[in-house]
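For reference, coords.pdb (PDB, C-alpha atoms):
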```pdb
ATOM      1  CA  MET A   1      66.181 166.331 135.458
ATOM      2  CA  GLY A   2      65.668 162.787 136.517
ATOM      3  CA  GLY A   3      61.940 163.136 137.225
ATOM      4  CA  GLY A   4      60.796 160.474 139.650
ATOM      5  CA  SER A   5      64.363 159.306 140.287
ATOM      6  CA  SER A   6      65.473 162.670 141.627
ATOM      7  CA  ASN A   7      62.254 162.920 143.651
ATOM      8  CA  ALA A   8      62.877 159.471 145.165
ATOM      9  CA  ALA A   9      66.487 160.324 146.025
ATOM     10  CA  THR A  10      65.498 163.650 147.583
ATOM     11  CA  THR A  11      62.809 161.935 149.651
ATOM     12  CA  MET A  12      65.259 159.289 150.851
ATOM     13  CA  LEU A  13      67.852 161.909 151.813
ATOM     14  CA  ALA A  14      65.254 164.092 153.536
ATOM     15  CA  LEU A  15      63.770 161.201 155.540
ATOM     16  CA  ASN A  16      67.246 160.051 156.527
ATOM     17  CA  GLU A  17      67.913 163.545 157.879
ATOM     18  CA  LEU A  18      64.476 164.249 159.404
ATOM     19  CA  TRP A  19      64.202 160.899 161.130
ATOM     20  CA  GLN A  20      67.886 160.981 162.109
ATOM     21  CA  LEU A  21      68.397 157.485 160.719
ATOM     22  CA  ASN A  22      72.104 158.055 160.027
ATOM     23  CA  VAL A  23      72.024 155.672 157.058
ATOM     24  CA  THR A  24      75.305 156.022 155.155
ATOM     25  CA  CYS A  25      75.429 157.340 151.615
ATOM     26  CA  ASP A  26      76.609 153.923 150.378
ATOM     27  CA  ALA A  27      73.658 152.191 152.041
ATOM     28  CA  LEU A  28      71.214 154.749 150.607
ATOM     29  CA  ILE A  29      72.716 154.190 147.153
ATOM     30  CA  LYS A  30      72.129 150.428 147.464
ATOM     31  CA  ILE A  31      68.533 151.007 148.523
ATOM     32  CA  GLY A  32      68.074 153.612 145.790
ATOM     33  CA  ALA A  33      69.270 151.178 143.110
ATOM     34  CA  LYS A  34      66.329 148.930 144.024
ATOM     35  CA  VAL A  35      63.957 151.863 143.496
ATOM     36  CA  GLY A  36      65.377 152.910 140.109
ATOM     37  CA  ALA A  37      68.604 152.939 138.118
ATOM     38  CA  ASP A  38      68.939 156.746 138.215
ATOM     39  CA  VAL A  39      68.236 157.145 141.935
ATOM     40  CA  PRO A  40      71.847 156.480 143.105
ATOM     41  CA  ILE A  41      73.361 159.365 141.107
ATOM     42  CA  PHE A  42      70.968 161.805 142.787
ATOM     43  CA  ILE A  43      71.810 160.405 146.211
ATOM     44  CA  PHE A  44      75.527 160.660 145.404
ATOM     45  CA  GLY A  45      74.992 164.340 144.688
ATOM     46  CA  GLN A  46      78.000 165.133 142.502
ATOM     47  CA  ASP A  47      79.337 164.560 139.009
ATOM     48  CA  ALA A  48      80.031 160.875 138.591
ATOM     49  CA  ILE A  49      80.526 158.060 136.133
ATOM     50  CA  ALA A  50      77.834 155.436 136.640
ATOM     51  CA  MET A  51      78.400 151.775 135.880
ATOM     52  CA  GLY A  52      76.361 148.622 136.416
ATOM     53  CA  ILE A  53      72.727 149.635 136.544
ATOM     54  CA  GLY A  54      73.710 153.032 137.886
ATOM     55  CA  GLU A  55      74.720 152.024 141.397
ATOM     56  CA  GLN A  56      78.506 151.858 140.858
ATOM     57  CA  LEU A  57      79.553 155.490 141.027
ATOM     58  CA  THR A  58      82.975 157.054 140.561
ATOM     59  CA  ALA A  59      83.310 160.774 141.277
ATOM     60  CA  ILE A  60      84.585 162.939 138.452
ATOM     61  CA  ASN A  61      85.427 166.633 138.438
ATOM     62  CA  LEU A  62      83.812 168.406 135.522
ATOM     63  CA  PRO A  63      84.114 172.114 134.810
ATOM     64  CA  ASP A  64      81.298 174.492 135.672
ATOM     65  CA  GLN A  65      78.954 174.696 132.713
ATOM     66  CA  GLN A  66      75.919 176.694 131.636
ATOM     67  CA  TYR A  67      73.145 175.135 129.565
ATOM     68  CA  LEU A  68      70.089 176.144 127.627
ATOM     69  CA  VAL A  69      67.495 173.497 128.528
ATOM     70  CA  LEU A  70      64.229 172.935 126.666
ATOM     71  CA  THR A  71      61.424 170.836 128.116
ATOM     72  CA  PRO A  72      59.073 169.598 125.394
ATOM     73  CA  GLU A  73      55.627 168.335 126.381
ATOM     74  CA  ALA A  74      56.354 164.661 125.787
ATOM     75  CA  HIS A  75      56.573 161.525 127.847
ATOM     76  CA  ILE A  76      57.952 158.193 126.742
ATOM     77  CA  ASN A  77      57.736 155.282 129.131
ATOM     78  CA  THR A  78      61.284 154.260 130.097
ATOM     79  CA  ALA A  79      60.391 150.556 130.063
ATOM     80  CA  THR A  80      59.163 150.968 126.481
ATOM     81  CA  LEU A  81      62.498 152.529 125.526
ATOM     82  CA  PHE A  82      64.554 149.752 127.078
ATOM     83  CA  ALA A  83      62.434 147.150 125.281
ATOM     84  CA  HIS A  84      62.571 148.892 121.890
ATOM     85  CA  PRO A  85      64.197 146.751 119.179
ATOM     86  CA  LYS A  86      66.048 149.756 117.703
ATOM     87  CA  LEU A  87      67.800 150.600 120.978
ATOM     88  CA  HIS A  88      71.509 149.956 120.386
ATOM     89  CA  ARG A  89      72.962 147.693 123.043
ATOM     90  CA  ASP A  90      76.217 146.822 121.279
ATOM     91  CA  ILE A  91      78.192 149.828 122.502
ATOM     92  CA  THR A  92      81.795 149.154 123.492
ATOM     93  CA  PRO A  93      82.236 150.068 127.171
ATOM     94  CA  LEU A  94      84.765 152.767 128.014
ATOM     95  CA  SER A  95      87.005 152.565 131.055
ATOM     96  CA  ILE A  96      86.622 155.044 133.879
ATOM     97  CA  LYS A  97      90.141 156.300 133.148
ATOM     98  CA  THR A  98      89.217 156.955 129.505
ATOM     99  CA  ILE A  99      86.052 158.814 130.470
ATOM    100  CA  LYS A 100      87.907 160.937 133.025
ATOM    101  CA  ASN A 101      90.685 161.751 130.538
ATOM    102  CA  GLN A 102      88.341 162.582 127.657
ATOM    103  CA  SER A 103      85.963 165.061 129.293
ATOM    104  CA  ASN A 104      86.758 167.540 126.498
ATOM    105  CA  ASP A 105      85.000 165.105 124.153
ATOM    106  CA  TYR A 106      81.618 165.342 125.897
ATOM    107  CA  VAL A 107      81.351 168.424 128.115
ATOM    108  CA  GLN A 108      80.951 171.203 125.538
ATOM    109  CA  ASN A 109      80.934 169.229 122.301
ATOM    110  CA  LEU A 110      79.855 165.650 121.885
ATOM    111  CA  ASN A 111      82.503 163.754 119.961
ATOM    112  CA  THR A 112      82.641 160.082 119.038
ATOM    113  CA  PRO A 113      82.314 157.693 120.813
ATOM    114  CA  TYR A 114      80.102 159.701 123.191
ATOM    115  CA  HIS A 115      76.414 159.748 122.314
ATOM    116  CA  ASN A 116      72.979 158.986 123.735
ATOM    117  CA  VAL A 117      71.563 155.679 122.458
ATOM    118  CA  PHE A 118      68.047 156.759 123.451
ATOM    119  CA  THR A 119      67.938 159.845 121.212
ATOM    120  CA  PRO A 120      66.944 158.177 117.898
ATOM    121  CA  VAL A 121      64.320 156.041 119.632
ATOM    122  CA  VAL A 122      62.789 158.914 121.630
ATOM    123  CA  THR A 123      62.744 161.315 118.689
ATOM    124  CA  SER A 124      60.952 158.679 116.589
ATOM    125  CA  PHE A 125      58.222 158.410 119.275
ATOM    126  CA  ALA A 126      58.003 162.067 120.264
ATOM    127  CA  PRO A 127      57.922 164.714 117.521
ATOM    128  CA  ALA A 128      58.051 167.475 120.177
ATOM    129  CA  VAL A 129      61.437 166.192 121.380
ATOM    130  CA  ALA A 130      62.727 165.987 117.805
ATOM    131  CA  GLU A 131      61.551 169.552 117.151
ATOM    132  CA  ALA A 132      63.192 170.924 120.306
ATOM    133  CA  LEU A 133      66.442 169.087 119.590
ATOM    134  CA  ASP A 134      66.468 170.335 115.990
ATOM    135  CA  TYR A 135      65.929 173.877 117.270
ATOM    136  CA  LEU A 136      68.958 173.603 119.575
ATOM    137  CA  LYS A 137      71.042 172.056 116.791
ATOM    138  CA  GLY A 138      70.347 175.206 114.807
ATOM    139  CA  LEU A 139      72.010 177.221 117.608
ATOM    140  CA  GLU A 140      75.125 175.038 117.952
ATOM    141  CA  SER A 141      77.448 177.203 115.877
ATOM    142  CA  GLN A 142      76.591 180.296 117.923
ATOM    143  CA  ALA A 143      76.605 178.522 121.311
ATOM    144  CA  LEU A 144      79.804 176.615 120.501
ATOM    145  CA  GLY A 145      78.364 173.391 121.921
ATOM    146  CA  THR A 146      76.588 170.215 120.812
ATOM    147  CA  ALA A 147      72.841 169.863 121.443
ATOM    148  CA  ARG A 148      71.700 166.598 122.987
ATOM    149  CA  MET A 149      68.950 164.889 124.929
ATOM    150  CA  THR A 150      69.041 164.164 128.649
ATOM    151  CA  GLY A 151      69.138 160.444 129.504
ATOM    152  CA  SER A 152      65.923 158.890 128.261
ATOM    153  CA  GLY A 153      64.435 162.339 127.620
ATOM    154  CA  SER A 154      62.381 164.284 127.157
ATOM    155  CA  ALA A 155      64.417 167.390 128.011
ATOM    156  CA  VAL A 156      67.077 168.520 125.557
ATOM    157  CA  PHE A 157      69.980 170.842 126.249
ATOM    158  CA  LEU A 158      72.758 172.837 124.657
ATOM    159  CA  PRO A 159      76.043 173.568 126.472
ATOM    160  CA  LEU A 160      76.878 177.253 126.169
ATOM    161  CA  ASP A 161      80.237 178.892 125.672
ATOM    162  CA  ALA A 162      80.992 181.288 128.543
ATOM    163  CA  SER A 163      80.666 184.340 126.276
ATOM    164  CA  ILE A 164      77.173 183.224 125.201
ATOM    165  CA  ALA A 165      76.104 182.203 128.723
ATOM    166  CA  SER A 166      76.719 185.783 129.902
ATOM    167  CA  ASP A 167      74.559 187.319 127.139
ATOM    168  CA  LYS A 168      71.191 187.249 128.944
ATOM    169  CA  ALA A 169      69.357 189.162 126.206
ATOM    170  CA  LEU A 170      70.407 186.619 123.586
ATOM    171  CA  LEU A 171      69.435 183.700 125.826
ATOM    172  CA  VAL A 172      65.996 185.176 126.505
ATOM    173  CA  THR A 173      65.521 185.597 122.744
ATOM    174  CA  TRP A 174      66.524 181.974 122.150
ATOM    175  CA  ILE A 175      64.146 180.744 124.847
ATOM    176  CA  GLU A 176      61.263 182.906 123.607
ATOM    177  CA  SER A 177      61.817 181.587 120.056
ATOM    178  CA  ALA A 178      61.978 177.957 121.172
ATOM    179  CA  PRO A 179      59.179 175.529 120.286
ATOM    180  CA  CYS A 180      58.601 174.746 123.999
ATOM    181  CA  SER A 181      59.415 175.948 127.512
ATOM    182  CA  GLY A 182      63.035 176.555 128.347
ATOM    183  CA  VAL A 183      65.416 177.645 131.057
ATOM    184  CA  CYS A 184      68.933 179.008 131.279
ATOM    185  CA  GLY A 185      70.698 180.270 134.358
ATOM    186  CA  GLY A 186      67.504 180.004 136.405
ATOM    187  CA  GLU A 187      65.348 182.081 134.043
ATOM    188  CA  PHE A 188      62.319 180.035 133.011
ATOM    189  CA  VAL A 189      60.289 181.084 129.986
ATOM    190  CA  THR A 190      57.181 179.307 128.708
TER     191      THR A 190
END
```

Same coordinates, now as C-alpha coordinates:
Amino acid sequence: MGGGSSNAATTMLALNELWQLNVTCDALIKIGAKVGADVPIFIFGQDAIAMGIGEQLTAINLPDQQYLVLTPEAHINTATLFAHPKLHRDITPLSIKTIKNQSNDYVQNLNTPYHNVFTPVVTSFAPAVAEALDYLKGLESQALGTARMTGSGSAVFLPLDASIASDKALLVTWIESAPCSGVCGGEFVT
(Lines of atoms letter the chains of each structure in order from A and count residues from 1; the text may use other names and numbers.)
(Lines give C-alpha, C1' and ligand atoms only; values in the text may rest on other atoms or scores of the structure.)
Protein backbone atom coordinates (compact mmCIF):
# COMPACT_ATOMS: atom_id res chain seq x y z
CA MET A 1 0.00 0.00 0.00
CA GLY A 2 1.06 3.57 -0.31
CA GLY A 3 2.19 3.31 -3.94
CA GLY A 4 4.69 6.03 -4.75
CA SER A 5 4.90 7.12 -1.11
CA SER A 6 6.16 3.75 0.08
CA ASN A 7 8.53 3.60 -2.90
CA ALA A 8 9.92 7.05 -2.03
CA ALA A 9 10.37 6.13 1.63
CA THR A 10 12.08 2.84 0.76
CA THR A 11 14.42 4.64 -1.64
CA MET A 12 15.29 7.25 0.99
CA LEU A 13 15.99 4.58 3.61
CA ALA A 14 18.03 2.48 1.18
CA LEU A 15 20.15 5.43 0.00
CA ASN A 16 20.72 6.51 3.59
CA GLU A 17 22.04 3.02 4.33
CA LEU A 18 23.95 2.41 1.07
CA TRP A 19 25.65 5.79 1.07
CA GLN A 20 26.20 5.63 4.84
CA LEU A 21 24.71 9.10 5.26
CA ASN A 22 23.61 8.43 8.86
CA VAL A 23 20.64 10.78 8.49
CA THR A 24 18.38 10.33 11.52
CA CYS A 25 14.87 8.97 11.22
CA ASP A 26 13.46 12.34 12.32
CA ALA A 27 15.42 14.16 9.62
CA LEU A 28 14.31 11.65 6.97
CA ILE A 29 10.70 12.13 8.08
CA LYS A 30 11.02 15.91 7.62
CA ILE A 31 12.49 15.42 4.15
CA GLY A 32 9.86 12.80 3.33
CA ALA A 33 7.03 15.17 4.26
CA LYS A 34 8.24 17.49 1.49
CA VAL A 35 8.03 14.61 -0.98
CA GLY A 36 4.52 13.49 0.02
CA ALA A 37 2.17 13.36 3.00
CA ASP A 38 2.29 9.55 3.26
CA VAL A 39 6.07 9.21 2.97
CA PRO A 40 6.81 9.81 6.71
CA ILE A 41 4.70 6.87 7.92
CA PHE A 42 6.67 4.50 5.68
CA ILE A 43 9.96 5.92 6.94
CA PHE A 44 8.74 5.57 10.54
CA GLY A 45 8.14 1.90 9.84
CA GLN A 46 5.64 1.01 12.57
CA ASP A 47 2.01 1.51 13.51
CA ALA A 48 1.46 5.17 14.23
CA ILE A 49 -1.08 7.95 14.50
CA ALA A 50 -0.31 10.64 11.94
CA MET A 51 -1.18 14.28 12.50
CA GLY A 52 -0.46 17.48 10.60
CA ILE A 53 0.09 16.55 6.98
CA GLY A 54 1.36 13.15 8.04
CA GLU A 55 4.72 14.18 9.46
CA GLN A 56 3.75 14.25 13.17
CA LEU A 57 3.86 10.60 14.15
CA THR A 58 3.03 8.95 17.46
CA ALA A 59 3.76 5.23 17.79
CA ILE A 60 0.84 3.00 18.69
CA ASN A 61 0.78 -0.71 19.45
CA LEU A 62 -1.91 -2.48 17.47
CA PRO A 63 -2.59 -6.20 17.61
CA ASP A 64 -1.38 -8.50 14.86
CA GLN A 65 -4.05 -8.69 12.20
CA GLN A 66 -4.75 -10.63 9.01
CA TYR A 67 -6.52 -9.03 6.06
CA LEU A 68 -8.08 -9.99 2.78
CA VAL A 69 -6.93 -7.28 0.36
CA LEU A 70 -8.42 -6.66 -3.08
CA THR A 71 -6.69 -4.48 -5.66
CA PRO A 72 -9.14 -3.22 -8.28
CA GLU A 73 -7.79 -1.87 -11.56
CA ALA A 74 -8.52 1.78 -10.83
CA HIS A 75 -6.54 4.93 -10.31
CA ILE A 76 -7.84 8.22 -8.99
CA ASN A 77 -5.49 11.16 -8.87
CA THR A 78 -4.95 12.12 -5.22
CA ALA A 79 -4.93 15.84 -6.03
CA THR A 80 -8.35 15.41 -7.66
CA LEU A 81 -9.65 13.76 -4.49
CA PHE A 82 -8.38 16.51 -2.21
CA ALA A 83 -9.97 19.14 -4.47
CA HIS A 84 -13.32 17.35 -4.75
CA PRO A 85 -16.23 19.42 -3.40
CA LYS A 86 -17.87 16.36 -1.80
CA LEU A 87 -14.80 15.51 0.30
CA HIS A 88 -15.82 16.07 3.93
CA ARG A 89 -13.38 18.33 5.72
CA ASP A 90 -15.51 19.10 8.77
CA ILE A 91 -14.47 16.06 10.81
CA THR A 92 -13.91 16.67 14.52
CA PRO A 93 -10.29 15.79 15.35
CA LEU A 94 -9.70 13.04 17.90
CA SER A 95 -6.94 13.23 20.48
CA ILE A 96 -4.05 10.79 20.37
CA LYS A 97 -5.16 9.45 23.75
CA THR A 98 -8.66 8.77 22.41
CA ILE A 99 -7.32 7.00 19.33
CA LYS A 100 -4.96 4.86 21.42
CA ASN A 101 -7.73 3.96 23.88
CA GLN A 102 -10.32 3.14 21.20
CA SER A 103 -8.39 0.74 18.97
CA ASN A 104 -11.22 -1.79 19.39
CA ASP A 105 -13.38 0.66 17.43
CA TYR A 106 -11.26 0.52 14.27
CA VAL A 107 -8.99 -2.53 14.19
CA GLN A 108 -11.46 -5.33 13.44
CA ASN A 109 -14.70 -3.39 13.09
CA LEU A 110 -15.05 0.20 12.05
CA ASN A 111 -17.28 2.01 14.50
CA THR A 112 -18.27 5.67 14.62
CA PRO A 113 -16.51 8.09 14.54
CA TYR A 114 -13.86 6.16 12.57
CA HIS A 115 -14.31 6.19 8.81
CA ASN A 116 -12.52 7.04 5.58
CA VAL A 117 -13.68 10.37 4.10
CA PHE A 118 -12.28 9.38 0.69
CA THR A 119 -14.45 6.27 0.26
CA PRO A 120 -17.65 7.92 -1.06
CA VAL A 121 -15.66 10.14 -3.43
CA VAL A 122 -13.46 7.33 -4.78
CA THR A 123 -16.34 4.89 -5.21
CA SER A 124 -18.26 7.54 -7.18
CA PHE A 125 -15.29 7.91 -9.58
CA ALA A 126 -14.23 4.27 -9.76
CA PRO A 127 -16.91 1.59 -10.21
CA ALA A 128 -14.24 -1.14 -9.84
CA VAL A 129 -13.45 0.08 -6.31
CA ALA A 130 -17.15 0.21 -5.43
CA GLU A 131 -17.61 -3.33 -6.75
CA ALA A 132 -14.65 -4.71 -4.79
CA LEU A 133 -15.75 -2.95 -1.60
CA ASP A 134 -19.31 -4.24 -2.02
CA TYR A 135 -17.93 -7.76 -2.48
CA LEU A 136 -15.99 -7.52 0.80
CA LYS A 137 -19.01 -6.06 2.58
CA GLY A 138 -20.86 -9.22 1.60
CA LEU A 139 -18.24 -11.24 3.53
CA GLU A 140 -18.28 -9.12 6.71
CA SER A 141 -20.57 -11.36 8.73
CA GLN A 142 -18.40 -14.41 8.04
CA ALA A 143 -15.06 -12.60 8.48
CA LEU A 144 -16.25 -10.77 11.61
CA GLY A 145 -14.73 -7.50 10.41
CA THR A 146 -15.67 -4.30 8.59
CA ALA A 147 -14.63 -3.85 4.95
CA ARG A 148 -13.01 -0.54 4.06
CA MET A 149 -10.80 1.25 1.58
CA THR A 150 -7.12 2.02 2.11
CA GLY A 151 -6.34 5.75 2.39
CA SER A 152 -7.23 7.36 -0.92
CA GLY A 153 -7.65 3.94 -2.54
CA SER A 154 -7.85 2.03 -4.68
CA ALA A 155 -7.18 -1.11 -2.62
CA VAL A 156 -9.91 -2.33 -0.28
CA PHE A 157 -9.51 -4.71 2.63
CA LEU A 158 -11.38 -6.79 5.16
CA PRO A 159 -9.94 -7.57 8.62
CA LEU A 160 -10.28 -11.28 9.33
CA ASP A 161 -11.13 -13.00 12.58
CA ALA A 162 -8.33 -15.38 13.60
CA SER A 163 -10.50 -18.45 12.96
CA ILE A 164 -11.19 -17.26 9.39
CA ALA A 165 -7.58 -16.18 8.75
CA SER A 166 -6.43 -19.75 9.42
CA ASP A 167 -8.91 -21.27 6.92
CA LYS A 168 -6.73 -21.11 3.79
CA ALA A 169 -9.22 -23.01 1.61
CA LEU A 170 -11.98 -20.52 2.41
CA LEU A 171 -9.68 -17.55 1.76
CA VAL A 172 -8.60 -18.94 -1.61
CA THR A 173 -12.27 -19.40 -2.52
CA TRP A 174 -13.03 -15.81 -1.51
CA ILE A 175 -10.10 -14.49 -3.54
CA GLU A 176 -10.97 -16.60 -6.59
CA SER A 177 -14.58 -15.34 -6.41
CA ALA A 178 -13.55 -11.70 -6.05
CA PRO A 179 -14.14 -9.22 -8.88
CA CYS A 180 -10.40 -8.38 -9.01
CA SER A 181 -6.99 -9.55 -7.83
CA GLY A 182 -6.56 -10.23 -4.15
CA VAL A 183 -4.12 -11.35 -1.50
CA CYS A 184 -4.28 -12.79 1.99
CA GLY A 185 -1.40 -14.05 4.06
CA GLY A 186 0.99 -13.69 1.13
CA GLU A 187 -1.08 -15.74 -1.33
CA PHE A 188 -1.79 -13.64 -4.41
CA VAL A 189 -4.55 -14.68 -6.79
CA THR A 190 -5.50 -12.85 -9.99

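Those residues positioned at most 12 Å from (80.4, 149.1, 124.3) are His88, Arg89, Asp90, Ile91, Thr92, Pro93, Leu94, Ser95, Pro113, Tyr114, His115 and Val117 of chain A, judged using all atoms listed in the file.
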
* Ground truth for the PyMOL selection byres ((chain A and resi 47) around 10), written as a list in words ->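 Against this file, the PyMOL selection byres ((chain A and resi 47) around 10) returns the residues Ile41, Phe42, Phe44, Gly45, Gln46, Ala48, Ile49, Ala50, Leu57, Thr58, Ala59, Ile60, Asn61, Leu62 and Pro63 of chain A.
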
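Comparing A:Lys168, A:Ser154, A:Asn101, A:Gly54 by their smallest distance to A:Val69, the closest is A:Ser154 (using only C-alpha atoms).
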
* Asked: Do you know which residues lie at most 8 Å from (79.4, 170.0, 122.8), with coordinates as in the file and all atoms listed in the file counted, and could you write them as a VMD selection string?
  -> chain A and resid 105 to 111 144 to 147 158 to 159

Using 7 Å as the limit and counting all atoms listed in the file, can you tabulate each residue of stretch 38-97 of chain A that touches stretch 4-15 of chain A, with its shortest atom-to-atom distance in Å and the two atoms involved, as JSON lines?
```
{"residue": "A:Asp38", "atom": "CA", "partner": "A:Ser5", "partner_atom": "CA", "distance": 5.6}
{"residue": "A:Val39", "atom": "CA", "partner": "A:Ser5", "partner_atom": "CA", "distance": 4.7}
{"residue": "A:Phe42", "atom": "CA", "partner": "A:Ser6", "partner_atom": "CA", "distance": 5.7}
{"residue": "A:Ile43", "atom": "CA", "partner": "A:Ala9", "partner_atom": "CA", "distance": 5.3}
```

* Length of the atom CA of A:Ile29 to atom CA of A:Phe82 vector [Å] ->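 Value for the atom CA of A:Ile29-atom CA of A:Phe82 distance: 22.1 Å.
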
Taking a cut-off of 8 Å and counting all atoms listed in the file, can you build a table that, for each residue of stretch 110-157 of chain A near stretch 175-186 of chain A, reports the nearest atom pair and how far apart they are in Å (one decimal), sorted by chain then residue number, as a Markdown table?
```
| residue | atom | partner | partner_atom | distance |
| --- | --- | --- | --- | --- |
| A:Glu131 | CA | A:Pro179 | CA | 7.2 |
| A:Ala132 | CA | A:Pro179 | CA | 6.1 |
| A:Tyr135 | CA | A:Ala178 | CA | 6.9 |
```

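For the pair atom CA of A:Gln102 and atom CA of A:Thr150, the interatomic distance is 19.4 Å.
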
* Have a look at atom CA of A:His75 and atom CA of A:Val122 and let me know their distance in Å, one decimal. => 9.2 Å

As lines of an AutoDock Vina configuration file: centre and edge lengths in Å, one decimal, of the axis-aligned box holding stretch 75-94 of chain A with 4 Å per side:
```
center_x = 70.7
center_y = 154.1
center_z = 123.9
size_x = 36.2
size_y = 22.8
size_z = 20.4
```

* **Polymer residues at most 10 Å from A:Pro127, all atoms listed in the file, same-chain spacing of 6 or more positions, as a list in words** => Pro72, Glu73, Ala74 and Leu133 of chain A

* Find the spatial neighbours of A:Ser124, counting only C-alpha atoms, within a cut-off of 12 Å - ignore same-chain residues fewer than 5 positions away - and output them as a list in words. =>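 Residues near the query, excluding close chain neighbours: Ala74, Ile76, Leu81, His84, Lys86, Leu87, Phe118, Thr119, Val129, Ala130 and Glu131 of chain A.
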
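Checking A:Cys25, A:Met51, A:Ala83, A:Ala126 one by one against A:Ile96, counting only C-alpha atoms, you find the shortest gap at A:Met51.
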
Where atoms are absent from stretch 72-83 of chain A, fill them in so it carries all heavy atoms, then output it as a CSV table (one decimal), in the coordinates of the input.
```
chain,number,residue,atom,x,y,z
A,72,PRO,N,60.2,169.9,126.2
A,72,PRO,CA,59.1,169.6,125.4
A,72,PRO,C,58.0,168.8,126.2
A,72,PRO,O,58.3,168.1,127.1
A,72,PRO,CB,59.6,168.8,124.2
A,72,PRO,CG,61.0,168.5,124.5
A,72,PRO,CD,61.4,169.2,125.7
A,73,GLU,N,56.8,169.1,125.8
A,73,GLU,CA,55.6,168.3,126.4
A,73,GLU,C,55.6,167.0,125.7
A,73,GLU,O,54.9,166.7,124.7
A,73,GLU,CB,54.3,169.1,126.1
A,73,GLU,CG,54.2,170.4,126.9
A,73,GLU,CD,54.0,170.1,128.4
A,73,GLU,OE1,53.4,169.1,128.8
A,73,GLU,OE2,54.6,171.0,129.2
A,74,ALA,N,56.3,166.0,126.3
A,74,ALA,CA,56.4,164.7,125.8
A,74,ALA,C,56.7,163.7,126.9
A,74,ALA,O,57.5,164.1,127.8
A,74,ALA,CB,57.4,164.6,124.6
A,75,HIS,N,56.2,162.5,126.9
A,75,HIS,CA,56.6,161.5,127.8
A,75,HIS,C,56.6,160.2,127.1
A,75,HIS,O,55.7,159.8,126.4
A,75,HIS,CB,55.6,161.4,129.0
A,75,HIS,CG,55.9,160.3,129.9
A,75,HIS,ND1,56.9,160.3,130.8
A,75,HIS,CD2,55.3,159.1,130.0
A,75,HIS,CE1,57.0,159.2,131.5
A,75,HIS,NE2,56.1,158.4,131.0
A,76,ILE,N,57.8,159.5,127.3
A,76,ILE,CA,58.0,158.2,126.7
A,76,ILE,C,58.3,157.3,127.9
A,76,ILE,O,59.2,157.6,128.7
A,76,ILE,CB,59.1,158.1,125.7
A,76,ILE,CG1,58.9,159.1,124.6
A,76,ILE,CG2,59.3,156.7,125.2
A,76,ILE,CD1,57.7,158.9,123.7
A,77,ASN,N,57.5,156.2,128.0
A,77,ASN,CA,57.7,155.3,129.1
A,77,ASN,C,59.1,154.7,129.0
A,77,ASN,O,59.5,154.2,128.0
A,77,ASN,CB,56.7,154.2,129.1
A,77,ASN,CG,56.8,153.2,130.1
A,77,ASN,OD1,57.7,152.3,130.1
A,77,ASN,ND2,55.9,153.3,131.1
A,78,THR,N,59.9,154.8,130.1
A,78,THR,CA,61.3,154.3,130.1
A,78,THR,C,61.3,152.8,129.8
A,78,THR,O,62.2,152.3,129.1
A,78,THR,CB,62.0,154.6,131.4
A,78,THR,OG1,61.9,156.0,131.7
A,78,THR,CG2,63.4,154.2,131.4
A,79,ALA,N,60.4,152.0,130.3
A,79,ALA,CA,60.4,150.6,130.1
A,79,ALA,C,60.2,150.3,128.6
A,79,ALA,O,60.8,149.4,128.0
A,79,ALA,CB,59.3,149.9,130.9
A,80,THR,N,59.4,151.1,127.9
A,80,THR,CA,59.2,151.0,126.5
A,80,THR,C,60.5,151.2,125.7
A,80,THR,O,60.8,150.5,124.8
A,80,THR,CB,58.1,152.0,126.0
A,80,THR,OG1,56.9,151.7,126.7
A,80,THR,CG2,57.9,151.9,124.5
A,81,LEU,N,61.2,152.2,126.2
A,81,LEU,CA,62.5,152.5,125.5
A,81,LEU,C,63.5,151.4,125.7
A,81,LEU,O,64.1,151.0,124.7
A,81,LEU,CB,63.1,153.8,126.1
A,81,LEU,CG,62.4,155.1,125.8
A,81,LEU,CD1,63.0,156.2,126.6
A,81,LEU,CD2,62.3,155.4,124.3
A,82,PHE,N,63.6,150.8,126.9
A,82,PHE,CA,64.6,149.8,127.1
A,82,PHE,C,64.2,148.5,126.3
A,82,PHE,O,65.0,147.7,125.9
A,82,PHE,CB,64.7,149.4,128.6
A,82,PHE,CG,65.7,150.3,129.3
A,82,PHE,CD1,65.3,151.4,130.0
A,82,PHE,CD2,67.1,150.0,129.2
A,82,PHE,CE1,66.2,152.2,130.6
A,82,PHE,CE2,68.0,150.8,129.8
A,82,PHE,CZ,67.6,151.9,130.5
A,83,ALA,N,62.9,148.3,126.0
A,83,ALA,CA,62.4,147.2,125.3
A,83,ALA,C,62.4,147.4,123.8
A,83,ALA,O,62.2,146.4,123.0
A,83,ALA,CB,61.0,146.8,125.7
```
